[in-house]
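Reviewing the structure listed below.
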Amino acid sequence: MLQDSIINEQETAHSEMSDAVELQVGHIVKGIVKSCRKKIIIVLLGAKECYLPVSEVSWTNKKLQLKEKDEIKAVVVKIQENGSVMLSIKRLLEDPWKNVHEKLRVGQKIDGIIQHVLQFGLAIDIGNSITALLHKKTIGFDKDINFFDYILLGNKLEVEIMEIDAEARKVYLKCDNFLEQYPKRN
């Protein structure tokens, strides 16, 4: 029943709602994952199928591992004219970019975790649900490099913040001592 899927801020069901209740943007709901696709998750609110884009699961690139029959809590963020409902889990959490300049500053040294190898550098988890870019030119490599000759995903790496662009939601890093931290492996 849809009425059991809508919850108030105390996370208790609205007992006075009827089956004809309509979802509204801002409603906090509980639902059951029906299916997981590459870019979208179908969530059941009672008998109503709603969609949860993968980009609305988490503020980071780390994917929350959802599977069929998982119960989730989300917020209604959009209702289309055709009645389709878009949900978000991440919007129930604080936006990590909201006060980024209070948490991070240019010149700050941070121990990051290597998340992904990109064609032009490394994606580094610097905490606070923020992934930053370490471009290969900022570590002294001007040509193509096979990062796997030096690192493994999950390795720690000391980096320095070069630039914070909160509006674009990007942090750029440099690493002056990459080869000291990770000499080429044999």
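How things are named: the first chain in the structure tokens is A, the next is B, and so on; residues count from 1 in each chain; ligands count from 1 in the order shown.
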
**OP:** Can you pull out every residue within 9 Å of A:Ile151, counting only C-alpha atoms, but drop anything in the same chain fewer than 2 positions away, and send it as a list in words?
**Re:** Ile114, Phe147, Phe148, Asp149, Leu153, Gly154, Asn155, Tyr182, Pro183, Lys184 and Arg185 of chain A

Subject >> Contacts of A:Val159 within 7 Å, only C-alpha atoms, excl. fewer than 3 positions in-chain, as a PyMOL selection string >> reply: chain A and resi 109-112+173-175

Go ahead and save the residues from that selection, with C-alpha atoms, as a PDB file, in the first residue's frame.
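Wrote it out as result-v7.pdb, contents follow:
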```
ATOM      1  CA  LYS A 109      48.262  17.797   2.449  1.00  0.00           C
ATOM      2  CA  ILE A 110      45.974  14.795   2.695  1.00  0.00           C
ATOM      3  CA  ASP A 111      46.348  11.030   2.673  1.00  0.00           C
ATOM      4  CA  GLY A 112      44.023   9.900  -0.085  1.00  0.00           C
ATOM      5  CA  LEU A 173      45.574  17.581  -6.585  1.00  0.00           C
ATOM      6  CA  LYS A 174      49.310  17.360  -7.033  1.00  0.00           C
ATOM      7  CA  CYS A 175      51.874  14.930  -5.712  1.00  0.00           C
TER       8      CYS A 175
END
```

Original post:
Suppose you want the space between atom CA of A:Glu167 and atom CA of A:Ile89; what is it in Å?
Top reply: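 A separation of 21.5 Å between them.
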
DSSP alpha helix (DSSP H) selection over stretch 67-139 of chain A, as an mmCIF file with C-alpha atoms, in the first residue's frame:
```
data_model
loop_
_atom_site.group_PDB
_atom_site.id
_atom_site.type_symbol
_atom_site.label_atom_id
_atom_site.label_comp_id
_atom_site.auth_asym_id
_atom_site.auth_seq_id
_atom_site.Cartn_x
_atom_site.Cartn_y
_atom_site.Cartn_z
ATOM 1 C CA VAL A 100 33.830 22.258 1.332
ATOM 2 C CA HIS A 101 35.992 25.328 2.032
ATOM 3 C CA GLU A 102 35.555 24.749 5.770
ATOM 4 C CA LYS A 103 36.858 21.183 5.440
#
```

Original post:
Between atom CA of A:Ile124 and atom CA of A:Ala166, what is the spacing in Å?
Top reply: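 Taking atom CA of A:Ala166 and atom CA of A:Ile124, their separation equals 16.6 Å.
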
Original post:
Which residues in chain A does DSSP call strand (DSSP E)? List them as a PyMOL selection string.
Top reply: chain A and resi 6-7+28-36+40-45+48-53+71-79+85-88+109-118+121-125+131-135+156-165+170-174

Original post:
Can you tell me how far atom CA of A:Ile139 sits from atom CA of A:Lys156, in Å to one decimal?
Top reply: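 One can read the atom CA of A:Ile139 to atom CA of A:Lys156 distance as 15.1 Å.
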